>>> print(open('upload.cif').read())   # mmCIF, C-alpha atoms (C1' of nucleotides)
data_my_file
#
loop_
_atom_site.label_atom_id
_atom_site.label_comp_id
_atom_site.auth_asym_id
_atom_site.auth_seq_id
_atom_site.Cartn_x
_atom_site.Cartn_y
_atom_site.Cartn_z
CA MET A 317 8.53 -15.43 8.02
CA PRO A 318 6.63 -12.15 8.13
CA PRO A 319 2.90 -12.51 7.68
CA ARG A 320 1.37 -11.49 4.44
CA GLN A 321 -1.95 -9.73 4.51
CA PRO A 322 -3.32 -10.01 1.05
CA ARG A 323 -5.64 -7.22 0.17
CA SER A 324 -7.89 -9.26 -2.02
CA ALA A 325 -7.33 -12.70 -0.50
CA GLY A 326 -9.94 -15.09 -1.71
CA ALA A 327 -11.58 -12.27 -3.58
CA PRO A 328 -14.03 -13.14 -6.30
CA CYS A 329 -11.83 -11.61 -8.99
CA PRO A 330 -9.36 -14.13 -10.33
CA ILE A 331 -6.97 -11.35 -11.34
CA GLY A 332 -6.99 -10.09 -7.78
CA ARG A 333 -6.30 -13.57 -6.49
CA ALA A 334 -3.45 -14.05 -8.93
CA VAL A 335 -1.96 -10.71 -7.91
CA ASP A 336 -2.15 -11.74 -4.26
CA VAL A 337 0.29 -14.51 -5.05
CA LEU A 338 2.41 -12.80 -7.69
CA GLY A 339 2.15 -9.10 -6.98
CA ASP A 340 5.51 -8.06 -5.63
CA ARG A 341 8.89 -7.17 -7.02
CA TRP A 342 10.36 -10.67 -6.91
CA SER A 343 7.88 -13.49 -7.28
CA LEU A 344 7.49 -13.25 -11.02
CA LEU A 345 11.23 -13.00 -11.49
CA VAL A 346 11.80 -16.08 -9.35
CA LEU A 347 9.24 -17.92 -11.42
CA ARG A 348 10.77 -16.70 -14.65
CA ASN A 349 14.11 -18.08 -13.55
CA ALA A 350 12.52 -21.32 -12.43
CA THR A 351 11.02 -21.71 -15.87
CA VAL A 352 14.37 -21.36 -17.59
CA GLY A 353 15.78 -24.03 -15.32
CA VAL A 354 17.11 -22.38 -12.19
CA THR A 355 16.45 -24.61 -9.19
CA ARG A 356 18.90 -23.74 -6.46
CA PHE A 357 18.97 -21.09 -3.80
CA ASP A 358 22.26 -19.54 -4.77
CA GLN A 359 21.51 -19.61 -8.46
CA PHE A 360 18.39 -17.58 -7.80
CA ARG A 361 20.28 -15.28 -5.51
CA ASP A 362 23.21 -14.66 -7.81
CA ASP A 363 21.03 -14.29 -10.83
CA LEU A 364 18.51 -11.92 -9.34
CA GLY A 365 20.68 -10.04 -6.88
CA ILE A 366 17.99 -10.54 -4.26
CA ALA A 367 18.81 -10.52 -0.56
CA ASP A 368 19.04 -13.92 1.11
CA ASN A 369 16.24 -13.41 3.57
CA ILE A 370 13.87 -12.11 0.94
CA LEU A 371 14.69 -14.96 -1.38
CA SER A 372 14.15 -17.47 1.38
CA ASN A 373 10.83 -15.83 2.18
CA ARG A 374 9.70 -15.71 -1.45
CA LEU A 375 10.66 -19.31 -2.14
CA ASN A 376 8.80 -20.49 0.94
CA ARG A 377 5.78 -18.47 0.00
CA LEU A 378 5.76 -19.84 -3.51
CA VAL A 379 6.05 -23.34 -2.06
CA GLU A 380 3.12 -22.64 0.27
CA SER A 381 1.12 -21.23 -2.58
CA GLY A 382 1.81 -24.39 -4.53
CA LEU A 383 3.82 -22.91 -7.41
CA LEU A 384 7.09 -24.51 -6.41
CA THR A 385 8.04 -27.66 -4.51
CA LYS A 386 11.16 -28.60 -2.68
CA VAL A 387 12.62 -31.78 -4.01
CA PRO A 388 15.61 -33.45 -2.39
CA TYR A 389 18.64 -34.26 -4.48
CA ARG A 390 22.16 -35.41 -3.84
CA ASP A 391 25.11 -33.30 -4.66
CA ASP A 392 28.61 -34.29 -3.65
CA GLY A 393 27.13 -36.98 -1.43
CA ARG A 394 25.01 -34.59 0.63
CA THR A 395 21.27 -34.27 0.61
CA ARG A 396 20.07 -30.88 -0.47
CA HIS A 397 16.88 -29.77 -2.02
CA GLU A 398 16.02 -27.77 -5.01
CA TYR A 399 13.00 -25.71 -5.93
CA ARG A 400 11.10 -27.05 -8.88
CA LEU A 401 8.00 -25.84 -10.64
CA THR A 402 4.73 -27.54 -9.89
CA THR A 403 2.01 -27.69 -12.51
CA ALA A 404 0.51 -24.51 -11.10
CA GLY A 405 3.87 -22.82 -11.42
CA ALA A 406 4.41 -24.09 -14.93
CA ASP A 407 0.94 -22.90 -15.88
CA LEU A 408 2.19 -19.39 -15.39
CA LEU A 409 3.89 -19.64 -18.75
CA PRO A 410 1.19 -17.66 -20.56
CA VAL A 411 1.60 -14.88 -18.03
CA LEU A 412 5.34 -14.81 -18.64
CA HIS A 413 4.76 -14.87 -22.39
CA ALA A 414 2.39 -11.96 -22.13
CA LEU A 415 4.77 -10.00 -19.94
CA ALA A 416 7.68 -10.71 -22.26
CA HIS A 417 5.71 -9.58 -25.24
CA TRP A 418 4.49 -6.44 -23.55
CA GLY A 419 7.94 -5.66 -22.21
CA GLU A 420 9.45 -6.04 -25.64
CA GLN A 421 6.89 -3.72 -27.19
CA HIS A 422 6.61 -1.07 -24.54
CA THR A 423 9.84 -0.84 -22.59
CA SER A 424 13.39 -0.51 -23.69
CA SER A 425 16.69 -1.92 -22.65
CA ALA A 426 19.44 0.29 -21.26
CA GLU A 427 22.11 -0.99 -23.59
CA PRO A 428 20.87 -2.14 -26.95
CA ALA A 429 20.74 -5.90 -26.83
CA GLU A 430 19.44 -8.71 -28.93
CA PRO A 431 15.85 -9.31 -27.92
CA MET A 432 14.69 -12.47 -26.26
CA GLN A 433 13.23 -15.03 -28.61
CA VAL A 434 10.87 -17.94 -28.23
CA ILE A 435 11.90 -20.92 -30.32
CA HIS A 436 9.82 -23.88 -31.45
CA LEU A 437 12.32 -26.72 -31.20
CA THR A 438 10.43 -29.01 -33.52
CA CYS A 439 10.61 -26.68 -36.49
CA GLY A 440 13.57 -24.69 -35.23
CA HIS A 441 11.96 -21.33 -35.86
CA THR A 442 11.36 -18.28 -33.75
CA THR A 443 7.78 -17.59 -32.88
CA SER A 444 5.94 -14.99 -30.91
CA PRO A 445 5.05 -16.30 -27.47
CA GLY A 446 1.77 -18.17 -27.51
CA ASP A 447 0.37 -21.65 -27.72
CA ARG A 448 0.98 -22.13 -31.39
CA CYS A 449 4.09 -21.70 -33.50
CA ASP A 450 3.80 -18.69 -35.79
CA HIS A 451 6.01 -20.30 -38.32
CA CYS A 452 4.77 -23.85 -38.75
CA LYS A 453 1.32 -23.23 -37.22
CA ARG A 454 1.48 -26.34 -35.09
CA PRO A 455 0.72 -26.26 -31.36
CA LEU A 456 3.67 -25.22 -29.25
CA PRO A 457 3.80 -27.43 -26.17
CA ARG A 458 6.05 -26.41 -23.31
CA SER A 459 8.32 -29.37 -23.99
CA GLU A 460 9.05 -28.06 -27.48
CA GLU A 461 9.66 -24.52 -26.42
CA ALA A 462 12.99 -22.87 -25.72
CA TRP A 463 13.95 -19.34 -24.89
CA LEU A 464 16.90 -17.64 -26.45
CA ARG A 465 18.22 -15.02 -24.07
CA PRO A 466 21.24 -13.69 -25.93
CA TRP A 467 22.51 -11.55 -23.08
CA GLN A 468 22.83 -14.71 -20.97
CA SER A 469 23.90 -17.34 -23.39
CA PRO A 470 24.15 -17.83 -27.13
CA ASP A 471 22.27 -21.10 -26.79
CA PRO A 472 18.56 -21.36 -26.13
CA PHE A 473 17.27 -22.79 -22.85
CA ARG A 474 14.67 -25.50 -22.92
CA LEU A 475 11.90 -24.69 -20.48
CA ALA A 476 11.91 -26.56 -17.19
CA GLU A 477 9.22 -29.21 -16.88
CA PRO A 478 7.09 -29.24 -13.76
CA VAL A 479 7.51 -32.09 -11.29
CA THR A 480 4.59 -34.42 -11.56
CA MET B 1344 6.82 10.89 -4.63
CA PRO B 1345 9.30 8.41 -3.20
CA PRO B 1346 11.99 7.31 -5.60
CA ARG B 1347 11.72 3.93 -7.12
CA GLN B 1348 14.88 1.92 -7.57
CA PRO B 1349 14.06 -0.70 -10.07
CA ARG B 1350 16.20 -3.75 -9.68
CA SER B 1351 16.28 -4.62 -13.33
CA ALA B 1352 15.71 -1.18 -14.84
CA GLY B 1353 16.53 -1.22 -18.49
CA ALA B 1354 17.59 -4.82 -18.14
CA PRO B 1355 17.88 -6.89 -21.25
CA CYS B 1356 15.10 -9.24 -20.14
CA PRO B 1357 11.71 -7.95 -21.24
CA ILE B 1358 10.01 -9.80 -18.40
CA GLY B 1359 12.25 -8.03 -15.93
CA ARG B 1360 11.46 -4.70 -17.52
CA ALA B 1361 7.74 -5.41 -17.42
CA VAL B 1362 7.99 -6.39 -13.77
CA ASP B 1363 9.80 -3.13 -13.02
CA VAL B 1364 6.68 -1.30 -14.07
CA LEU B 1365 4.04 -3.73 -12.88
CA GLY B 1366 5.60 -5.63 -10.02
CA ASP B 1367 3.90 -4.42 -6.90
CA ARG B 1368 0.69 -5.09 -5.06
CA TRP B 1369 -1.37 -2.40 -6.75
CA SER B 1370 -0.32 -1.53 -10.28
CA LEU B 1371 -1.95 -4.49 -11.96
CA LEU B 1372 -5.13 -3.98 -9.99
CA VAL B 1373 -5.27 -0.33 -10.98
CA LEU B 1374 -4.82 -1.35 -14.59
CA ARG B 1375 -7.43 -4.06 -14.30
CA ASN B 1376 -9.91 -1.48 -13.04
CA ALA B 1377 -8.89 0.96 -15.75
CA THR B 1378 -9.62 -1.70 -18.34
CA VAL B 1379 -13.14 -2.25 -17.05
CA GLY B 1380 -13.78 1.47 -17.23
CA VAL B 1381 -12.72 3.05 -13.97
CA THR B 1382 -11.20 6.46 -14.61
CA ARG B 1383 -11.47 8.56 -11.49
CA PHE B 1384 -9.39 8.80 -8.36
CA ASP B 1385 -12.15 8.04 -5.95
CA GLN B 1386 -13.53 5.19 -7.99
CA PHE B 1387 -10.15 3.53 -7.88
CA ARG B 1388 -9.82 4.24 -4.20
CA ASP B 1389 -13.24 2.97 -3.22
CA ASP B 1390 -12.99 -0.04 -5.43
CA LEU B 1391 -9.55 -1.15 -4.40
CA GLY B 1392 -9.47 0.01 -0.81
CA ILE B 1393 -6.05 1.48 -1.46
CA ALA B 1394 -4.71 4.36 0.65
CA ASP B 1395 -4.94 7.79 -0.97
CA ASN B 1396 -1.23 8.49 -0.99
CA ILE B 1397 -0.37 5.14 -2.48
CA LEU B 1398 -3.03 5.49 -5.13
CA SER B 1399 -1.80 8.95 -6.02
CA ASN B 1400 1.71 7.60 -6.26
CA ARG B 1401 0.73 4.58 -8.37
CA LEU B 1402 -1.36 6.63 -10.75
CA ASN B 1403 1.45 9.10 -11.26
CA ARG B 1404 3.91 6.34 -11.80
CA LEU B 1405 1.69 4.67 -14.35
CA VAL B 1406 1.30 8.01 -16.11
CA GLU B 1407 5.08 8.47 -16.12
CA SER B 1408 5.54 4.96 -17.43
CA GLY B 1409 3.11 5.74 -20.19
CA LEU B 1410 0.35 3.26 -19.33
CA LEU B 1411 -2.18 5.89 -18.31
CA THR B 1412 -2.77 9.51 -19.27
CA LYS B 1413 -4.53 12.28 -17.50
CA VAL B 1414 -7.26 13.74 -19.61
CA PRO B 1415 -9.22 16.78 -18.53
CA TYR B 1416 -12.99 16.64 -18.42
CA ARG B 1417 -15.76 18.80 -17.06
CA ASP B 1418 -17.92 17.70 -14.24
CA ASP B 1419 -20.38 20.05 -12.55
CA GLY B 1420 -18.77 22.94 -14.40
CA ARG B 1421 -15.30 22.30 -13.01
CA THR B 1422 -12.28 21.03 -14.81
CA ARG B 1423 -11.05 17.76 -13.45
CA HIS B 1424 -9.05 15.06 -15.01
CA GLU B 1425 -9.45 11.39 -15.33
CA TYR B 1426 -6.99 8.58 -15.84
CA ARG B 1427 -7.40 6.78 -19.10
CA LEU B 1428 -5.51 3.90 -20.64
CA THR B 1429 -2.94 4.63 -23.28
CA THR B 1430 -2.20 2.11 -25.99
CA ALA B 1431 0.60 0.71 -23.88
CA GLY B 1432 -1.81 0.32 -20.99
CA ALA B 1433 -4.46 -1.28 -23.17
CA ASP B 1434 -1.86 -3.66 -24.55
CA LEU B 1435 -1.66 -5.19 -21.15
CA LEU B 1436 -4.88 -7.01 -21.87
CA PRO B 1437 -3.15 -10.30 -22.67
CA VAL B 1438 -1.39 -10.12 -19.33
CA LEU B 1439 -4.71 -9.60 -17.56
CA HIS B 1440 -6.24 -12.43 -19.55
CA ALA B 1441 -3.41 -14.73 -18.59
CA LEU B 1442 -3.63 -13.75 -14.95
CA ALA B 1443 -7.40 -14.18 -14.92
CA HIS B 1444 -7.09 -17.60 -16.46
CA TRP B 1445 -4.38 -18.69 -14.08
CA GLY B 1446 -6.23 -17.28 -11.10
CA GLU B 1447 -9.37 -19.13 -12.07
CA GLN B 1448 -7.49 -22.41 -12.44
CA HIS B 1449 -5.17 -22.25 -9.50
CA THR B 1450 -6.66 -20.12 -6.76
CA SER B 1451 -10.01 -20.17 -5.12
CA SER B 1452 -12.47 -17.64 -3.93
CA ALA B 1453 -13.35 -17.29 -0.27
CA GLU B 1454 -17.06 -17.44 -0.80
CA PRO B 1455 -18.17 -19.48 -3.76
CA ALA B 1456 -19.03 -17.05 -6.50
CA GLU B 1457 -19.85 -17.15 -10.15
CA PRO B 1458 -16.60 -17.00 -12.06
CA MET B 1459 -15.62 -14.10 -14.22
CA GLN B 1460 -16.41 -14.57 -17.90
CA VAL B 1461 -15.09 -13.08 -21.11
CA ILE B 1462 -17.83 -12.42 -23.63
CA HIS B 1463 -17.55 -11.92 -27.37
CA LEU B 1464 -20.18 -9.27 -27.97
CA THR B 1465 -20.53 -10.00 -31.66
CA CYS B 1466 -21.65 -13.58 -31.18
CA GLY B 1467 -22.81 -13.14 -27.61
CA HIS B 1468 -20.94 -16.15 -26.31
CA THR B 1469 -18.52 -16.73 -23.50
CA THR B 1470 -14.99 -17.51 -24.53
CA SER B 1471 -11.77 -18.23 -22.78
CA PRO B 1472 -9.59 -15.15 -22.68
CA GLY B 1473 -7.47 -14.84 -25.80
CA ASP B 1474 -7.39 -13.15 -29.16
CA ARG B 1475 -9.97 -15.35 -30.79
CA CYS B 1476 -13.47 -16.32 -29.74
CA ASP B 1477 -13.66 -19.98 -28.73
CA HIS B 1478 -17.22 -20.20 -29.83
CA CYS B 1479 -17.41 -18.56 -33.23
CA LYS B 1480 -13.66 -18.79 -33.95
CA ARG B 1481 -13.49 -15.22 -35.19
CA PRO B 1482 -10.87 -12.77 -33.91
CA LEU B 1483 -11.81 -11.10 -30.66
CA PRO B 1484 -10.86 -7.44 -30.84
CA ARG B 1485 -10.88 -5.43 -27.64
CA SER B 1486 -13.85 -3.43 -28.86
CA GLU B 1487 -15.95 -6.59 -29.06
CA GLU B 1488 -14.91 -7.91 -25.71
CA ALA B 1489 -16.78 -7.57 -22.45
CA TRP B 1490 -16.15 -8.96 -19.01
CA LEU B 1491 -18.89 -10.36 -16.89
CA ARG B 1492 -17.99 -9.96 -13.24
CA PRO B 1493 -21.04 -11.33 -11.49
CA TRP B 1494 -19.98 -10.26 -8.01
CA GLN B 1495 -19.96 -6.66 -9.23
CA SER B 1496 -22.81 -6.46 -11.61
CA PRO B 1497 -25.14 -8.80 -13.48
CA ASP B 1498 -24.32 -6.98 -16.71
CA PRO B 1499 -21.06 -7.32 -18.57
CA PHE B 1500 -18.66 -4.39 -18.86
CA ARG B 1501 -17.33 -3.42 -22.23
CA LEU B 1502 -13.60 -2.90 -22.05
CA ALA B 1503 -12.36 0.67 -21.96
CA GLU B 1504 -10.74 1.85 -25.17
CA PRO B 1505 -7.36 3.55 -24.97
CA VAL B 1506 -7.14 7.25 -25.73
CA THR B 1507 -5.56 7.75 -29.08
"C1'" DA C 133 -21.61 36.44 2.15
"C1'" DC C 134 -20.51 32.50 4.28
"C1'" DA C 135 -20.32 27.78 5.53
"C1'" DT C 136 -20.23 23.48 3.48
"C1'" DC C 137 -19.15 20.00 0.09
"C1'" DT C 138 -16.40 17.41 -3.20
"C1'" DG C 139 -12.52 15.59 -5.82
"C1'" DA C 140 -7.92 15.03 -5.75
"C1'" DC C 141 -4.39 15.31 -3.52
"C1'" DT C 142 -0.40 16.14 0.46
"C1'" DT C 143 1.36 15.53 4.92
"C1'" DT C 144 2.34 13.16 9.04
"C1'" DC C 145 3.56 9.37 11.35
"C1'" DA C 146 3.41 4.50 12.60
"C1'" DA C 147 3.71 -0.20 10.90
"C1'" DT C 148 5.52 -3.28 7.56
"C1'" DT C 149 8.76 -4.83 4.20
"C1'" DT C 150 13.20 -4.71 2.18
"C1'" DG C 151 18.13 -4.99 1.89
"C1'" DC C 152 22.70 -5.49 3.81
"C1'" DT C 153 25.87 -7.78 6.69
"C1'" DA C 154 26.89 -11.36 9.69
"C1'" DG C 155 26.37 -15.32 11.53
"C1'" DC C 156 24.97 -20.41 11.81
"C1'" DT C 157 24.70 -25.49 10.73
"C1'" DA C 158 25.76 -29.64 8.57
"C1'" DT C 159 28.69 -32.15 5.71
"C1'" DT C 160 32.60 -32.95 2.84
"C1'" DT C 161 37.15 -32.01 1.22
"C1'" DG C 162 42.18 -30.95 2.19
"C1'" DC D 49 41.22 -30.37 12.43
"C1'" DA D 50 40.60 -26.15 9.16
"C1'" DA D 51 38.22 -24.50 5.29
"C1'" DA D 52 34.57 -24.62 1.98
"C1'" DT D 53 29.80 -24.87 0.58
"C1'" DA D 54 24.66 -24.64 0.46
"C1'" DG D 55 21.03 -22.83 2.50
"C1'" DC D 56 19.41 -20.47 5.79
"C1'" DT D 57 18.39 -17.17 10.14
"C1'" DA D 58 19.16 -12.79 12.94
"C1'" DG D 59 19.85 -7.95 13.60
"C1'" DC D 60 19.29 -3.67 12.15
"C1'" DA D 61 18.79 0.41 9.04
"C1'" DA D 62 16.44 2.21 5.07
"C1'" DA D 63 12.56 2.31 2.11
"C1'" DT D 64 7.73 1.56 1.37
"C1'" DT D 65 3.05 1.26 2.84
"C1'" DG D 66 -1.15 2.47 5.21
"C1'" DA D 67 -4.49 5.14 8.10
"C1'" DA D 68 -5.94 9.44 9.20
"C1'" DA D 69 -5.98 14.19 8.94
"C1'" DG D 70 -5.09 18.42 6.43
"C1'" DT D 71 -5.12 21.27 2.09
"C1'" DC D 72 -6.99 23.63 -1.84
"C1'" DA D 73 -10.00 25.33 -5.41
"C1'" DG D 74 -14.17 25.80 -7.25
"C1'" DA D 75 -19.44 24.83 -6.61
"C1'" DT D 76 -23.53 24.79 -4.06
"C1'" DG D 77 -26.97 25.88 -0.34
"C1'" DT D 78 -29.14 29.39 2.60
#
>>> encode(input="upload.cif", output="structure tokens")
Amino acid sequence: MPPRQPRSAGAPCPIGRAVDVLGDRWSLLVLRNATVGVTRFDQFRDDLGIADNILSNRLNRLVESGLLTKVPYRDDGRTRHEYRLTTAGADLLPVLHALAHWGEQHTSSAEPAEPMQVIHLTCGHTTSPGDRCDHCKRPLPRSEEAWLRPWQSPDPFRLAEPVT
Amino acid sequence: MPPRQPRSAGAPCPIGRAVDVLGDRWSLLVLRNATVGVTRFDQFRDDLGIADNILSNRLNRLVESGLLTKVPYRDDGRTRHEYRLTTAGADLLPVLHALAHWGEQHTSSAEPAEPMQVIHLTCGHTTSPGDRCDHCKRPLPRSEEAWLRPWQSPDPFRLAEPVT
DNA sequence: ACATCTGACTTTCAATTTGCTAGCTATTTG
DNA sequence: CAAATAGCTAGCAAATTGAAAGTCAGATGT
């Protein structure tokens, strides 16, 4: 794995430190996919269209940085492992919310598509991304949040829970 | 300026589109500095330690993407221009807030330093980053927000206002 | 008048990172 | 035993990044 020389490693600015971990073309997308439930190497690869070696590198780096963990599982009798969010990784949700909101406001899709929506499962309504449901005003915990991504599926995805 | 081949350009996912603009090692740091009031080429360069050519490239790209604008000004009788936030650039504040919060929680500084603080100028109190002051519960507009970055200066910075 | 300075870039070129394509390694299924 | 599958690793070319030097236009010093 190629060494990474973070510019602002351990810098006093927390934004700089966050960018050291997340500031490249793939990390945030990997984490976005992890939060909608992707866990396996080839799902990430096929979904993102990222090269194998880069994906392998990014996943390992995110594991090292403590945002993902490898957890073993059995599929067809063989032991494999999947990449699951840790608490630190799951805590990136506000960042993803903010990016989604900004992207919706200030960038546009090539082909006109239904926008992504955040749904509060308890009340069933769409809300803007945040920690409280716009509609029913109650807190919006991760476990009650789903994302509707119409270009992927007509059904909303529940957000992945971090491994404890 | 080298061509940029965004992976998810115009993609339906707003997070992907945001990452197309912001997903590299420098853009978010440039924008962070712009939001605390940096406007000039050499301030960015000296502050970030970024190479000239990369900075030039990033600034131009952010101008093209509509997050910054060049505005002319006069210094020592000569016309120069500075880079100022547009509304789209200023609207990145929630992203910076989220990154700052995450960075504070989940990464650590090399040398122990006073953490960054968000201050509500109206009530004078520190608040967690968001759109409402934790302390006085009133809304926290950008114009009433300042960042205290103790490793840079003992005085808080007011956030830069976008050009209109 | 002339050299120097300064801000904001370009240019050059080497080092690093990315992306493609091809393996490779277990294990299980046919 | 052959093929398939998941998850990598290796090799190499292309793109991006970084350090350093060069450019350019107007100001300033002498």
>>> residues_around(input="upload.cif", residues="segment 56-69 of chain D", least_positions_apart="2", cutoff="10 Å", atoms="all atoms listed in the file", output="PyMOL selection string")
(chain A and resi 357+368-369+372) or (chain B and resi 1345-1348+1393-1397) or (chain C and resi 143-157) or (chain D and resi 54+71)
>>> residues_near_point(input="upload.cif", point="(-25.0, 26.4, 1.3)", cutoff="10 Å", atoms="only C-alpha atoms (C1' of nucleotides)", output="mmCIF file with C-alpha atoms (C1' of nucleotides), in the coordinates of the input")
data_model
loop_
_atom_site.group_PDB
_atom_site.id
_atom_site.type_symbol
_atom_site.label_atom_id
_atom_site.label_comp_id
_atom_site.auth_asym_id
_atom_site.auth_seq_id
_atom_site.Cartn_x
_atom_site.Cartn_y
_atom_site.Cartn_z
ATOM 1 C "C1'" DC C 134 -20.510 32.500 4.280
ATOM 2 C "C1'" DA C 135 -20.320 27.780 5.530
ATOM 3 C "C1'" DT C 136 -20.230 23.480 3.480
ATOM 4 C "C1'" DC C 137 -19.150 20.000 0.090
ATOM 5 C "C1'" DA D 75 -19.440 24.830 -6.610
ATOM 6 C "C1'" DT D 76 -23.530 24.790 -4.060
ATOM 7 C "C1'" DG D 77 -26.970 25.880 -0.340
ATOM 8 C "C1'" DT D 78 -29.140 29.390 2.600
#
>>> resolve_selection(input="upload.cif", expression="the PyMOL selection byres ((chain A and resi 424-435) around 8)", output="compact mmCIF listing (two decimals) with C-alpha atoms, keeping the file's coordinate frame")
# COMPACT_ATOMS: atom_id res chain seq x y z
CA GLY A 419 7.94 -5.66 -22.21
CA GLU A 420 9.45 -6.04 -25.64
CA HIS A 422 6.61 -1.07 -24.54
CA THR A 423 9.84 -0.84 -22.59
CA HIS A 436 9.82 -23.88 -31.45
CA LEU A 437 12.32 -26.72 -31.20
CA GLY A 440 13.57 -24.69 -35.23
CA HIS A 441 11.96 -21.33 -35.86
CA THR A 442 11.36 -18.28 -33.75
CA THR A 443 7.78 -17.59 -32.88
CA SER A 444 5.94 -14.99 -30.91
CA PRO A 445 5.05 -16.30 -27.47
CA GLU A 461 9.66 -24.52 -26.42
CA ALA A 462 12.99 -22.87 -25.72
CA TRP A 463 13.95 -19.34 -24.89
CA LEU A 464 16.90 -17.64 -26.45
CA ARG A 465 18.22 -15.02 -24.07
CA PRO A 466 21.24 -13.69 -25.93
CA TRP A 467 22.51 -11.55 -23.08
CA PRO A 472 18.56 -21.36 -26.13
CA ALA B 1352 15.71 -1.18 -14.84
CA GLY B 1353 16.53 -1.22 -18.49
CA ALA B 1354 17.59 -4.82 -18.14
CA PRO B 1355 17.88 -6.89 -21.25
CA CYS B 1356 15.10 -9.24 -20.14
CA PRO B 1357 11.71 -7.95 -21.24
CA ARG B 1360 11.46 -4.70 -17.52
>>> atom_distance(input="upload.cif", atom1="atom CA of Phe360 of chain A", atom2="atom CA of Tyr389 of chain A")
17.0 Å
>>> residues_around(input="upload.cif", residues="Asp1434 of chain B", least_positions_apart="3", cutoff="12 Å", atoms="only C-alpha atoms (C1' of nucleotides)", output="list of chain:residue names")
A:Ala414, A:Leu415, A:His417, A:Trp418, A:Gly419, A:Glu420, A:Gln421, A:His422, B:Leu1374, B:Arg1375, B:Thr1378, B:Gly1409, B:Leu1410, B:Leu1411, B:Leu1428, B:Thr1429, B:Thr1430, B:Ala1431, B:Pro1437, B:Val1438, B:Leu1439, B:His1440, B:Asp1474, B:Pro1484, B:Arg1485, B:Ala1503, B:Glu1504, B:Pro1505
>>> closest_residue(input="upload.cif", among="A:Leu371, A:Leu456, A:Val479, A:Ala334", to="chain C", atoms="all atoms listed in the file")
A:Leu371
>>> atom_distance(input="upload.cif", atom1="atom CA of Ser459 of chain A", atom2="atom CA of Asp336 of chain A")
28.5 Å
>>> interface_residues(input="upload.cif", of="chain C", to="chain B", cutoff="9 Å", atoms="only C-alpha atoms (C1' of nucleotides)", output="list of chain:residue names")
C:DG139, C:DA140, C:DC141, C:DT142
>>> residues_around(input="upload.cif", residues="DA51 of chain D", least_positions_apart="5", cutoff="12 Å", atoms="only C-alpha atoms (C1' of nucleotides)", output="list of chain:residue names")
C:DT160, C:DT161, C:DG162
>>> write_last_selection(input="upload.cif", atoms="C-alpha atoms (C1' of nucleotides)", output="short mmCIF file (atom, residue, chain, number, x, y, z; two decimals), in the coordinates of the input")
data_model
loop_
_atom_site.label_atom_id
_atom_site.label_comp_id
_atom_site.auth_asym_id
_atom_site.auth_seq_id
_atom_site.Cartn_x
_atom_site.Cartn_y
_atom_site.Cartn_z
"C1'" DT C 160 32.60 -32.95 2.84
"C1'" DT C 161 37.15 -32.01 1.22
"C1'" DG C 162 42.18 -30.95 2.19
#
>>> atom_distance(input="upload.cif", atom1="atom CA of Leu1371 of chain B", atom2="atom CA of Gly339 of chain A")
7.9 Å
